[in-house]
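J.: Below is the file entry39.tsv, which contains TSV, C-alpha atoms.
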chain	number	residue	atom	x	y	z
A	6	MET	CA	-21.94	-13.57	-1.84
A	7	ARG	CA	-22.63	-10.02	-3.00
A	8	ALA	CA	-23.94	-7.45	-0.51
A	9	ALA	CA	-27.58	-6.48	-0.56
A	10	PRO	CA	-28.58	-3.11	-1.97
A	11	HIS	CA	-28.62	-0.15	0.39
A	12	PRO	CA	-32.43	0.14	0.92
A	13	ARG	CA	-32.77	-3.56	1.70
A	14	THR	CA	-29.88	-3.44	4.14
A	15	TRP	CA	-31.39	-0.45	5.94
A	16	SER	CA	-34.83	-2.04	6.19
A	17	ARG	CA	-33.36	-5.17	7.80
A	18	LEU	CA	-31.43	-3.33	10.50
A	19	SER	CA	-32.58	-3.40	14.11
A	20	PRO	CA	-34.10	-0.20	15.57
A	21	LEU	CA	-30.96	0.21	17.70
A	22	LEU	CA	-28.64	0.08	14.68
A	23	ARG	CA	-30.81	2.57	12.83
A	24	LEU	CA	-30.69	4.95	15.80
A	25	LEU	CA	-26.90	4.65	16.11
A	26	ILE	CA	-26.34	5.22	12.39
A	27	LEU	CA	-28.61	8.29	12.43
A	28	THR	CA	-26.70	9.44	15.51
A	29	GLN	CA	-23.51	9.52	13.46
A	30	LEU	CA	-25.30	11.59	10.83
A	31	ALA	CA	-26.42	14.17	13.40
A	32	PHE	CA	-23.01	14.28	15.13
A	33	ASN	CA	-21.28	15.16	11.88
A	34	VAL	CA	-23.80	17.80	10.80
A	35	GLY	CA	-23.05	19.76	13.97
A	36	PHE	CA	-19.32	19.10	13.96
A	37	TYR	CA	-18.59	19.85	10.31
A	38	ALA	CA	-20.60	23.05	10.35
A	39	VAL	CA	-17.71	24.44	12.44
A	40	LEU	CA	-14.44	22.55	11.93
A	41	PRO	CA	-13.63	23.33	8.26
A	42	PHE	CA	-13.56	27.05	9.07
A	43	LEU	CA	-11.63	26.85	12.33
A	44	ALA	CA	-8.09	27.15	10.91
A	45	GLU	CA	-8.93	30.34	9.00
A	46	HIS	CA	-10.64	31.80	12.09
A	47	LEU	CA	-7.63	31.05	14.27
A	48	GLY	CA	-5.17	32.52	11.78
A	49	THR	CA	-7.16	35.60	10.73
A	50	ALA	CA	-9.53	36.62	13.53
A	51	ILE	CA	-7.38	35.40	16.43
A	52	GLY	CA	-4.01	36.05	14.72
A	53	MET	CA	-2.27	32.78	15.58
A	54	ALA	CA	0.94	31.76	13.80
A	55	GLY	CA	0.83	28.77	11.45
A	56	TRP	CA	2.64	26.46	13.86
A	57	LEU	CA	0.22	27.38	16.66
A	58	VAL	CA	-2.80	26.81	14.42
A	59	GLY	CA	-1.41	23.38	13.58
A	60	LEU	CA	-0.80	22.67	17.25
A	61	VAL	CA	-4.33	23.74	18.24
A	62	LEU	CA	-5.84	21.55	15.53
A	63	GLY	CA	-3.64	18.70	16.71
A	64	MET	CA	-4.71	19.32	20.31
A	65	ARG	CA	-8.34	19.16	19.22
A	66	THR	CA	-7.72	15.85	17.52
A	67	PHE	CA	-5.73	14.53	20.48
A	68	SER	CA	-8.32	15.59	23.06
A	69	GLN	CA	-10.84	13.75	20.90
A	70	GLN	CA	-9.01	10.80	19.36
A	71	GLY	CA	-6.36	10.64	22.08
A	72	LEU	CA	-8.92	10.30	24.85
A	73	PHE	CA	-11.22	7.89	23.04
A	74	VAL	CA	-9.73	5.18	25.23
A	75	VAL	CA	-11.35	6.88	28.24
A	76	GLY	CA	-14.75	7.08	26.58
A	77	GLY	CA	-14.49	3.51	25.35
A	78	ALA	CA	-13.60	2.20	28.80
A	79	LEU	CA	-16.46	4.20	30.35
A	80	ALA	CA	-18.88	2.74	27.80
A	81	ASP	CA	-17.68	-0.79	28.66
A	82	ARG	CA	-18.20	-0.04	32.35
A	83	TYR	CA	-21.38	2.06	32.47
A	84	GLY	CA	-23.11	1.46	29.14
A	85	VAL	CA	-23.72	3.56	26.04
A	86	ARG	CA	-26.53	5.89	27.17
A	87	PRO	CA	-24.91	7.89	30.03
A	88	VAL	CA	-21.64	8.34	28.12
A	89	VAL	CA	-23.38	9.60	24.98
A	90	LEU	CA	-25.57	12.05	26.90
A	91	ALA	CA	-22.61	13.45	28.87
A	92	GLY	CA	-20.65	13.93	25.66
A	93	CYS	CA	-23.50	15.88	24.06
A	94	VAL	CA	-23.67	18.26	27.04
A	95	LEU	CA	-19.91	18.94	26.83
A	96	ARG	CA	-20.05	19.48	23.05
A	97	ILE	CA	-22.82	22.09	23.48
A	98	ALA	CA	-20.72	23.91	26.09
A	99	GLY	CA	-17.58	23.73	23.96
A	100	PHE	CA	-19.16	25.18	20.82
A	101	GLY	CA	-20.76	27.97	22.82
A	102	TRP	CA	-17.42	28.82	24.44
A	103	LEU	CA	-15.56	28.77	21.12
A	104	GLY	CA	-18.05	31.21	19.61
A	105	TYR	CA	-17.18	33.82	22.22
A	106	ALA	CA	-13.47	33.00	22.77
A	107	ARG	CA	-10.93	35.61	21.68
A	108	ALA	CA	-7.83	34.97	23.80
A	109	SER	CA	-5.58	32.08	22.81
A	110	TRP	CA	-6.05	30.32	26.15
A	111	ALA	CA	-9.84	30.49	25.79
A	112	VAL	CA	-9.69	29.08	22.25
A	113	VAL	CA	-7.50	26.21	23.45
A	114	GLY	CA	-9.88	25.49	26.34
A	115	ALA	CA	-12.92	25.46	24.07
A	116	VAL	CA	-11.21	23.26	21.49
A	117	LEU	CA	-10.14	20.78	24.16
A	118	LEU	CA	-13.69	20.63	25.53
A	119	ILE	CA	-15.09	20.05	22.03
A	120	GLY	CA	-12.61	17.23	21.51
A	121	PHE	CA	-13.20	15.57	24.87
A	122	ALA	CA	-16.96	15.59	24.25
A	123	ALA	CA	-16.43	13.41	21.18
A	124	ALA	CA	-14.04	11.24	23.19
A	125	LEU	CA	-17.06	10.32	25.28
A	126	PHE	CA	-19.84	9.79	22.76
A	127	SER	CA	-18.01	8.58	19.65
A	128	PRO	CA	-16.33	5.41	20.99
A	129	ALA	CA	-19.55	4.46	22.77
A	130	VAL	CA	-21.51	4.67	19.51
A	131	GLU	CA	-18.77	3.19	17.29
A	132	SER	CA	-18.08	0.19	19.52
A	133	GLU	CA	-21.78	-0.63	19.79
A	134	VAL	CA	-22.23	-0.37	16.02
A	135	ALA	CA	-19.25	-2.71	15.56
A	136	ARG	CA	-20.65	-5.16	18.12
A	137	GLN	CA	-24.06	-5.12	16.46
A	138	ALA	CA	-22.40	-5.54	13.03
A	139	VAL	CA	-20.63	-8.69	14.24
A	140	ARG	CA	-23.98	-10.04	15.50
A	141	TRP	CA	-25.48	-9.20	12.09
A	142	GLU	CA	-22.73	-11.23	10.40
A	143	GLU	CA	-23.05	-14.14	12.84
A	144	ALA	CA	-26.80	-14.26	12.15
A	145	GLY	CA	-26.02	-14.86	8.48
A	146	ARG	CA	-27.35	-11.54	7.18
A	147	GLY	CA	-24.12	-10.63	5.35
A	148	SER	CA	-20.70	-9.13	5.92
A	149	ARG	CA	-20.20	-6.84	8.90
A	150	THR	CA	-18.51	-4.35	6.57
A	151	ARG	CA	-21.91	-3.69	4.98
A	152	VAL	CA	-23.26	-2.29	8.26
A	153	LEU	CA	-20.06	-0.38	8.93
A	154	ALA	CA	-20.18	1.07	5.42
A	155	LEU	CA	-23.68	2.39	6.14
A	156	PHE	CA	-22.28	3.95	9.31
A	157	THR	CA	-19.57	5.64	7.23
A	158	VAL	CA	-22.14	6.85	4.69
A	159	ALA	CA	-24.25	8.40	7.44
A	160	GLY	CA	-21.20	10.17	8.86
A	161	GLN	CA	-20.22	11.53	5.48
A	162	ALA	CA	-23.77	12.64	4.73
A	163	GLY	CA	-23.47	14.74	7.88
A	164	ALA	CA	-20.06	15.95	6.76
A	165	PHE	CA	-21.66	16.96	3.44
A	166	VAL	CA	-24.46	19.00	4.98
A	167	GLY	CA	-22.43	20.49	7.83
A	168	PRO	CA	-19.95	22.61	5.80
A	169	LEU	CA	-22.75	23.94	3.60
A	170	ILE	CA	-24.59	25.14	6.70
A	171	GLY	CA	-21.36	26.58	8.08
A	172	ALA	CA	-20.54	28.39	4.84
A	173	LEU	CA	-23.97	30.04	4.81
A	174	LEU	CA	-23.72	31.13	8.45
A	175	LEU	CA	-20.14	32.34	8.00
A	176	ALA	CA	-21.68	35.27	6.09
A	177	VAL	CA	-22.93	36.40	9.52
A	178	ASP	CA	-19.83	35.54	11.56
A	179	PHE	CA	-17.94	32.61	13.07
A	180	ARG	CA	-19.94	32.91	16.30
A	181	ALA	CA	-23.16	32.16	14.42
A	182	VAL	CA	-21.51	29.03	13.00
A	183	CYS	CA	-20.54	27.83	16.49
A	184	LEU	CA	-23.98	28.49	17.95
A	185	ALA	CA	-25.60	26.58	15.08
A	186	GLY	CA	-23.31	23.63	15.81
A	187	ALA	CA	-24.33	23.80	19.48
A	188	ALA	CA	-28.01	23.87	18.50
A	189	VAL	CA	-27.63	20.63	16.55
A	190	PHE	CA	-26.24	18.90	19.63
A	191	VAL	CA	-29.11	20.25	21.76
A	192	LEU	CA	-31.46	18.38	19.43
A	193	VAL	CA	-29.27	15.25	19.57
A	194	LEU	CA	-29.25	15.39	23.38
A	195	ALA	CA	-33.05	15.70	23.57
A	196	GLY	CA	-33.61	12.88	21.06
A	197	HIS	CA	-31.24	10.45	22.74
A	198	ALA	CA	-32.52	11.18	26.22
A	199	ARG	CA	-35.86	9.89	24.92
A	200	LEU	CA	-34.89	7.10	22.48
A	201	LEU	CA	-31.58	5.50	23.56
A	202	PRO	CA	-32.20	2.35	25.67
A	203	GLN	CA	-31.09	2.31	29.30
A	204	HIS	CA	-29.64	-1.17	28.81
A	205	ILE	CA	-28.71	-2.85	25.52
A	206	PRO	CA	-29.34	-6.63	25.54
A	207	GLY	CA	-26.22	-8.75	25.31
A	208	ARG	CA	-23.87	-5.98	26.37
A	209	ALA	CA	-22.11	-7.04	29.58
A	210	ARG	CA	-20.50	-4.37	31.74
A	211	VAL	CA	-16.91	-5.01	32.81
A	212	ARG	CA	-14.50	-3.53	35.33
A	213	PHE	CA	-11.78	-1.08	34.38
A	214	ALA	CA	-8.99	-3.19	35.86
A	215	GLY	CA	-6.98	-5.54	33.69
A	216	GLY	CA	-8.02	-4.48	30.21
A	217	GLY	CA	-5.19	-2.04	29.62
A	218	ARG	CA	-2.45	-4.53	30.48
A	219	VAL	CA	-3.72	-7.04	27.96
A	220	LEU	CA	-4.20	-4.37	25.33
A	221	VAL	CA	-0.61	-3.09	25.42
A	222	ARG	CA	0.66	-6.65	24.89
A	223	ASN	CA	-1.50	-7.09	21.78
A	224	ARG	CA	1.12	-6.30	19.14
A	225	ARG	CA	-1.14	-6.89	16.16
A	226	PHE	CA	-3.70	-4.45	17.48
A	227	LEU	CA	-1.06	-1.80	18.24
A	228	ALA	CA	0.38	-2.20	14.75
A	229	LEU	CA	-3.07	-1.59	13.31
A	230	CYS	CA	-3.39	1.49	15.53
A	231	CYS	CA	-0.17	2.95	14.11
A	232	ALA	CA	-1.24	2.38	10.51
A	233	TYR	CA	-4.63	3.92	11.24
A	234	GLY	CA	-2.87	6.88	12.84
A	235	ALA	CA	-1.01	7.50	9.60
A	236	TYR	CA	-4.34	7.56	7.76
A	237	LEU	CA	-5.85	9.96	10.31
A	238	LEU	CA	-2.86	12.31	10.06
A	239	ALA	CA	-3.34	12.40	6.31
A	240	TYR	CA	-7.07	13.03	6.69
A	241	ASN	CA	-6.40	15.86	9.16
A	242	GLN	CA	-4.68	17.79	6.35
A	243	LEU	CA	-8.15	18.60	5.02
A	244	TYR	CA	-8.10	21.20	7.82
A	245	LEU	CA	-4.49	22.38	7.59
A	246	LEU	CA	-2.68	21.93	4.26
A	247	LEU	CA	-5.81	22.00	2.09
A	248	PRO	CA	-7.17	25.37	3.36
A	249	ALA	CA	-3.76	26.96	2.78
A	250	GLU	CA	-3.61	25.55	-0.76
A	251	VAL	CA	-7.16	26.69	-1.56
A	252	GLU	CA	-6.41	30.19	-0.22
A	253	ARG	CA	-3.28	30.37	-2.41
A	254	ALA	CA	-5.02	29.15	-5.56
A	255	ALA	CA	-8.35	30.95	-5.26
A	256	GLY	CA	-7.53	33.94	-3.05
A	257	SER	CA	-10.27	32.99	-0.55
A	258	GLN	CA	-11.70	30.10	1.47
A	259	ALA	CA	-14.94	30.01	-0.55
A	260	PRO	CA	-14.12	26.84	-2.59
A	261	LEU	CA	-13.25	24.93	0.59
A	262	ALA	CA	-16.87	24.15	1.46
A	263	TRP	CA	-17.41	22.74	-2.03
A	264	LEU	CA	-14.35	20.51	-1.76
A	265	PHE	CA	-15.68	19.16	1.55
A	266	ALA	CA	-19.04	18.66	-0.12
A	267	LEU	CA	-17.33	16.78	-2.97
A	268	SER	CA	-15.66	14.45	-0.47
A	269	SER	CA	-18.86	13.75	1.38
A	270	LEU	CA	-20.90	13.31	-1.80
A	271	LEU	CA	-18.38	10.73	-3.04
A	272	VAL	CA	-18.72	8.73	0.16
A	273	VAL	CA	-22.52	8.97	0.19
A	274	THR	CA	-22.83	7.80	-3.42
A	275	ALA	CA	-19.89	5.41	-3.77
A	276	GLN	CA	-19.14	3.94	-0.30
A	277	LEU	CA	-21.48	0.96	-0.60
A	278	PRO	CA	-20.40	-0.02	-4.14
A	279	VAL	CA	-16.75	0.35	-3.14
A	280	THR	CA	-17.35	-1.80	-0.04
A	281	ARG	CA	-19.04	-4.50	-2.12
A	282	TRP	CA	-16.21	-4.42	-4.67
A	283	ALA	CA	-13.54	-4.65	-1.96
A	284	ALA	CA	-15.34	-7.44	-0.08
A	285	ASP	CA	-15.42	-9.55	-3.25
A	286	ARG	CA	-11.72	-9.13	-4.02
A	287	LEU	CA	-9.68	-8.08	-0.95
A	288	ASP	CA	-9.20	-9.27	2.59
A	289	LEU	CA	-9.08	-6.63	5.34
A	290	ARG	CA	-5.30	-6.15	5.17
A	291	ARG	CA	-5.19	-5.67	1.40
A	292	CYS	CA	-8.16	-3.32	1.60
A	293	VAL	CA	-6.42	-1.05	4.12
A	294	ALA	CA	-3.15	-1.16	2.15
A	295	ALA	CA	-4.91	-0.17	-1.08
A	296	GLY	CA	-6.56	2.75	0.69
A	297	LEU	CA	-3.24	4.00	2.06
A	298	LEU	CA	-1.71	3.85	-1.43
A	299	LEU	CA	-4.50	6.03	-2.81
A	300	ILE	CA	-4.04	8.56	0.00
A	301	ALA	CA	-0.30	8.79	-0.69
A	302	ALA	CA	-1.06	9.36	-4.38
A	303	GLY	CA	-3.33	12.27	-3.46
A	304	PHE	CA	-0.53	14.11	-1.67
A	305	ALA	CA	1.86	13.34	-4.52
A	306	VAL	CA	-0.47	14.95	-7.08
A	307	VAL	CA	-0.41	18.30	-5.26
A	308	ALA	CA	3.34	18.06	-4.64
A	309	LEU	CA	4.00	17.54	-8.36
A	310	ALA	CA	1.70	20.40	-9.40
A	311	ARG	CA	2.72	22.89	-6.71
A	312	PRO	CA	5.93	24.22	-8.38
A	313	ALA	CA	3.82	25.44	-11.33
A	314	ALA	CA	1.95	27.75	-8.90
A	315	TRP	CA	-1.27	27.66	-10.93
A	316	THR	CA	-4.12	29.86	-9.72
A	317	GLY	CA	-7.83	30.10	-10.40
A	318	THR	CA	-9.71	27.04	-11.63
A	319	ALA	CA	-6.51	25.34	-12.83
A	320	GLY	CA	-4.93	25.92	-9.42
A	321	LEU	CA	-7.82	24.19	-7.69
A	322	LEU	CA	-7.64	21.02	-9.82
A	323	PRO	CA	-4.75	19.43	-7.88
A	324	ALA	CA	-6.58	20.18	-4.60
A	325	ALA	CA	-9.71	18.55	-6.03
A	326	ALA	CA	-7.68	15.50	-7.12
A	327	PHE	CA	-6.22	15.30	-3.61
A	328	VAL	CA	-9.72	15.33	-2.08
A	329	VAL	CA	-10.95	12.62	-4.47
A	330	LEU	CA	-7.98	10.29	-3.88
A	331	LEU	CA	-8.02	10.87	-0.12
A	332	THR	CA	-11.75	10.12	-0.05
A	333	LEU	CA	-11.37	6.93	-2.09
A	334	GLY	CA	-8.63	5.84	0.30
A	335	GLN	CA	-10.85	6.64	3.26
A	336	MET	CA	-13.67	4.53	1.80
A	337	LEU	CA	-11.34	1.52	1.82
A	338	VAL	CA	-9.52	2.16	5.10
A	339	ALA	CA	-12.22	3.24	7.55
A	340	PRO	CA	-14.77	0.37	7.27
A	341	ALA	CA	-12.03	-2.26	7.00
A	342	VAL	CA	-10.25	-1.09	10.14
A	343	ARG	CA	-13.53	-0.92	12.10
A	344	ALA	CA	-14.36	-4.43	10.91
A	345	TRP	CA	-10.90	-5.66	11.93
A	346	VAL	CA	-10.93	-4.39	15.54
A	347	PRO	CA	-13.54	-6.87	16.93
A	348	ASP	CA	-11.34	-9.75	15.76
A	349	LEU	CA	-8.41	-8.37	17.76
A	350	ALA	CA	-10.28	-7.19	20.90
A	351	ASP	CA	-10.68	-9.17	24.12
A	352	GLU	CA	-14.13	-10.28	25.24
A	353	GLY	CA	-16.19	-7.44	26.70
A	354	ARG	CA	-13.53	-4.83	25.89
A	355	LEU	CA	-14.60	-3.66	22.45
A	356	GLY	CA	-15.20	-0.13	23.72
A	357	LEU	CA	-11.70	0.00	25.19
A	358	TYR	CA	-10.13	-1.27	21.96
A	359	THR	CA	-12.21	1.05	19.79
A	360	GLY	CA	-11.09	3.92	21.99
A	361	ALA	CA	-7.46	2.84	21.99
A	362	LEU	CA	-7.46	2.73	18.20
A	363	SER	CA	-8.26	6.43	18.14
A	364	SER	CA	-6.06	7.31	21.13
A	365	VAL	CA	-2.89	6.00	19.51
A	366	SER	CA	-3.78	7.69	16.23
A	367	GLY	CA	-4.52	10.91	18.13
A	368	LEU	CA	-0.97	10.96	19.49
A	369	ILE	CA	0.35	10.57	15.95
A	370	VAL	CA	-1.83	13.43	14.71
A	371	LEU	CA	-0.78	15.68	17.61
A	372	ALA	CA	2.89	15.32	16.69
A	373	GLY	CA	2.35	15.27	12.94
A	374	SER	CA	0.03	18.30	12.75
A	375	ALA	CA	2.45	20.54	14.59
A	376	GLY	CA	5.20	19.35	12.25
A	377	ALA	CA	3.09	19.99	9.18
A	378	GLY	CA	2.18	23.46	10.46
A	379	SER	CA	5.85	24.22	11.00
A	380	LEU	CA	6.64	23.22	7.42
A	381	LEU	CA	4.19	25.88	6.23
A	382	ASP	CA	6.08	28.58	8.16
A	383	THR	CA	9.67	27.70	7.25
A	384	GLY	CA	9.89	29.08	3.71
A	385	LEU	CA	10.94	25.70	2.31
A	386	PRO	CA	9.87	24.68	-1.22
A	387	PRO	CA	6.03	24.63	-1.29
A	388	ALA	CA	5.90	21.03	-2.49
A	389	LEU	CA	7.82	19.75	0.55
A	390	PRO	CA	4.92	19.52	3.06
A	391	TRP	CA	2.88	17.56	0.52
A	392	LEU	CA	5.78	15.23	-0.27
A	393	ALA	CA	6.43	14.64	3.42
A	394	LEU	CA	2.78	13.76	4.02
A	395	ALA	CA	2.78	11.42	0.99
A	396	VAL	CA	5.51	9.33	2.60
A	397	VAL	CA	3.58	8.76	5.84
A	398	PRO	CA	0.69	6.57	4.56
A	399	LEU	CA	3.03	4.85	2.12
A	400	ALA	CA	5.43	3.82	4.88
A	401	SER	CA	2.60	2.80	7.22
A	402	ILE	CA	1.59	-0.11	4.97
A	403	ALA	CA	4.54	-2.05	6.39
A	404	LEU	CA	3.01	-1.71	9.87
A	405	LEU	CA	-0.19	-3.58	9.03
A	406	PRO	CA	-0.55	-6.93	10.86
A	407	ARG	CA	0.23	-9.91	8.64
A	408	HIS	CA	-2.60	-11.98	10.16
A	409	LEU	CA	-6.20	-10.92	10.66
A	410	GLY	CA	-7.11	-12.54	13.98
A	411	LYS	CA	-5.82	-12.61	17.55
A	412	PRO	CA	-2.39	-14.13	18.30
A	413	ALA	CA	-2.53	-17.87	18.88
Represent the structure contained in this file as structure tokens.
T.:
Amino acid sequence: MRAAPHPRTWSRLSPLLRLLILTQLAFNVGFYAVLPFLAEHLGTAIGMAGWLVGLVLGMRTFSQQGLFVVGGALADRYGVRPVVLAGCVLRIAGFGWLGYARASWAVVGAVLLIGFAAALFSPAVESEVARQAVRWEEAGRGSRTRVLALFTVAGQAGAFVGPLIGALLLAVDFRAVCLAGAAVFVLVLAGHARLLPQHIPGRARVRFAGGGRVLVRNRRFLALCCAYGAYLLAYNQLYLLLPAEVERAAGSQAPLAWLFALSSLLVVTAQLPVTRWAADRLDLRRCVAAGLLLIAAGFAVVALARPAAWTGTAGLLPAAAFVVLLTLGQMLVAPAVRAWVPDLADEGRLGLYTGALSSVSGLIVLAGSAGAGSLLDTGLPPALPWLALAVVPLASIALLPRHLGKPA
């Protein structure tokens, strides 16, 4: 059965699902107004070496993705509302601190706070969207991936608007960008304090004890975590390898905002058709594998073009091809993995499993980002970092679980 068109799907969603999807939109507007310009700020204004910039970016991802398991477990125990509100407060404080930070230790502290804030609110929202999507599917309204695709579209719409706002405010200074990001989360905090339910029907609260032991014995889930980590490491290069390539080709960071906008526009316009196409032809495993192949191809394109050292418009074409292929891969990988997790999670522990998915991948990004940053500083052939990153998603396909459900 083919998925319903976007407007019809949206109109049939519950008020809670609409709120959670719009939450993702607002989160990403505030976040992506700042993050695309962080690496350049750290390297130029703060004067950090390339390896340290890579490490700081990896620490941000780890403090966010790596600690998702904490936020997910807290959401399972205390509910969505208090965890989301606490995360918004910490994100406001973190962006404000980053805007005024000049010493390396202060930058690291602010970045860790920004990451930990998302470790609270994101798994709470994502796990509840996944739970509601499963209920949507069980009620016969269509595939759960349709709801999760809408969630992805909302996030990418925010990622489209955010960098454009950041690029405009960067004409003032980086502090103005950070304060604008904080202001967005002030609005999110006020809106959710008023609209987010105190208790969501059907969501049972569970104790902390016992869930972790079962999780670490779930080999299929851990294999999926590792493959997803390879995807996230590749995606993180939008903030490390891509800015360096754009600076080399164009002589400035100006085209970077437009490349981010291109990525987000592709997701906003093509995510739902891609999801419908994949649902008709591919199971979840094949969908993730196809996405990883596209991501590897994106890195390979830049690696093959890099020895020519093109500049100007021609020099930006491989970077644009990388963004397009990475985005197409993301459109296949992200909804499919989110749809897969509820089938592998234990009853009442979806928040924990959603968090663990990001925690394991955060560890991979922490190690991989520092390694990628080091490759930029070593004076090795310029294609080598791109070739090395092409191998990672390609090799990770072998890690995908062979079966879709829980072990018998």
J.: Please write out, as JSON, where the centre of an axis-aligned box around all listed atoms of segment 346-363 of chain A lies and how long its edges are, in Å to one decimal, after adding 4 Å on each side.
T.:
{"center_x": -11.8, "center_y": -1.9, "center_z": 21.1, "size_x": 16.7, "size_y": 24.7, "size_z": 19.2}
J.: Atom CA of Arg343 of chain A and atom CA of Ala135 of chain A are how many Å apart?
T.: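 Pair atom CA of Arg343 of chain A / atom CA of Ala135 of chain A returns 6.9 Å.
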J.: Show which residues sit within 7 Å of segment 307-313 of chain A, as a ChimeraX atom specification. Count all atoms listed in the file, and ignore same-chain residues fewer than 2 positions away.
T.: /A:303-305,315,323-324,327,387-388,391-392
J.: Identify which of the residues A:Leu381, A:Cys230, A:Leu192, A:Ala80 lies closest to Glu133 of chain A, counting all atoms listed in the file when measuring atom-to-atom distances.
T.: A:Ala80
J.: List every protein, DNA or RNA residue with an atom no more than 8 Å from (-16.7, 26.3, 11.8) in the file's coordinates, counting all atoms listed in the file, and format the result as a list in words.
T.: Phe36, Tyr37, Ala38, Val39, Leu40, Pro41, Phe42, Leu43, Pro168, Gly171, Leu175, Phe179, Val182 and Cys183 of chain A
J.: Got time to write the residues from that selection, C-alpha atoms, as a short mmCIF file (atom, residue, chain, number, x, y, z; two decimals), keeping the file's coordinate frame?
T.:
data_model
loop_
_atom_site.label_atom_id
_atom_site.label_comp_id
_atom_site.auth_asym_id
_atom_site.auth_seq_id
_atom_site.Cartn_x
_atom_site.Cartn_y
_atom_site.Cartn_z
CA PHE A 36 -19.32 19.10 13.96
CA TYR A 37 -18.59 19.85 10.31
CA ALA A 38 -20.60 23.05 10.35
CA VAL A 39 -17.71 24.44 12.44
CA LEU A 40 -14.44 22.55 11.93
CA PRO A 41 -13.63 23.33 8.26
CA PHE A 42 -13.56 27.05 9.07
CA LEU A 43 -11.63 26.85 12.33
CA PRO A 168 -19.95 22.61 5.80
CA GLY A 171 -21.36 26.58 8.08
CA LEU A 175 -20.14 32.34 8.00
CA PHE A 179 -17.94 32.61 13.07
CA VAL A 182 -21.51 29.03 13.00
CA CYS A 183 -20.54 27.83 16.49
#
J.: Using all atoms listed in the file, find each residue in segment 286-360 of chain A having at least one atom no more than 8 Å away from segment 270-278 of chain A; report its shortest atom-to-atom pair and that distance in Å (one decimal), rows by chain then rising number, as a tab-separated table.
T.:
residue	atom	partner	partner_atom	distance
A:Val329	CA	A:Leu271	CA	7.8
A:Thr332	CA	A:Val272	CA	7.1
A:Leu333	CA	A:Val272	CA	7.9
A:Met336	CA	A:Gln276	CA	5.9
J.: Tell me which protein, DNA and RNA residues are within 12 Å of Glu252 of chain A, counting only C-alpha atoms, leaving out same-chain ones fewer than 4 positions away, and put them as a count of residues only.
T.: 17
J.: Could you name the residues that touch segment 157-163 of chain A at 8 Å or less, counting all atoms listed in the file, but leaving out those on the same chain fewer than 3 positions away, as a PyMOL selection string?
T.: chain A and resi 26-27+29-35+37+153-154+166-167+269-270+272-273+276-277+339-340
J.: Limited to C-alpha atoms, could you put the picked residues into a file as a PDB file, keeping the file's coordinate frame?
T.:
ATOM      1  CA  ILE A  26     -26.340   5.220  12.390  1.00  0.00           C
ATOM      2  CA  LEU A  27     -28.610   8.290  12.430  1.00  0.00           C
ATOM      3  CA  GLN A  29     -23.510   9.520  13.460  1.00  0.00           C
ATOM      4  CA  LEU A  30     -25.300  11.590  10.830  1.00  0.00           C
ATOM      5  CA  ALA A  31     -26.420  14.170  13.400  1.00  0.00           C
ATOM      6  CA  PHE A  32     -23.010  14.280  15.130  1.00  0.00           C
ATOM      7  CA  ASN A  33     -21.280  15.160  11.880  1.00  0.00           C
ATOM      8  CA  VAL A  34     -23.800  17.800  10.800  1.00  0.00           C
ATOM      9  CA  GLY A  35     -23.050  19.760  13.970  1.00  0.00           C
ATOM     10  CA  TYR A  37     -18.590  19.850  10.310  1.00  0.00           C
ATOM     11  CA  LEU A 153     -20.060  -0.380   8.930  1.00  0.00           C
ATOM     12  CA  ALA A 154     -20.180   1.070   5.420  1.00  0.00           C
ATOM     13  CA  VAL A 166     -24.460  19.000   4.980  1.00  0.00           C
ATOM     14  CA  GLY A 167     -22.430  20.490   7.830  1.00  0.00           C
ATOM     15  CA  SER A 269     -18.860  13.750   1.380  1.00  0.00           C
ATOM     16  CA  LEU A 270     -20.900  13.310  -1.800  1.00  0.00           C
ATOM     17  CA  VAL A 272     -18.720   8.730   0.160  1.00  0.00           C
ATOM     18  CA  VAL A 273     -22.520   8.970   0.190  1.00  0.00           C
ATOM     19  CA  GLN A 276     -19.140   3.940  -0.300  1.00  0.00           C
ATOM     20  CA  LEU A 277     -21.480   0.960  -0.600  1.00  0.00           C
ATOM     21  CA  ALA A 339     -12.220   3.240   7.550  1.00  0.00           C
ATOM     22  CA  PRO A 340     -14.770   0.370   7.270  1.00  0.00           C
TER      23      PRO A 340
END
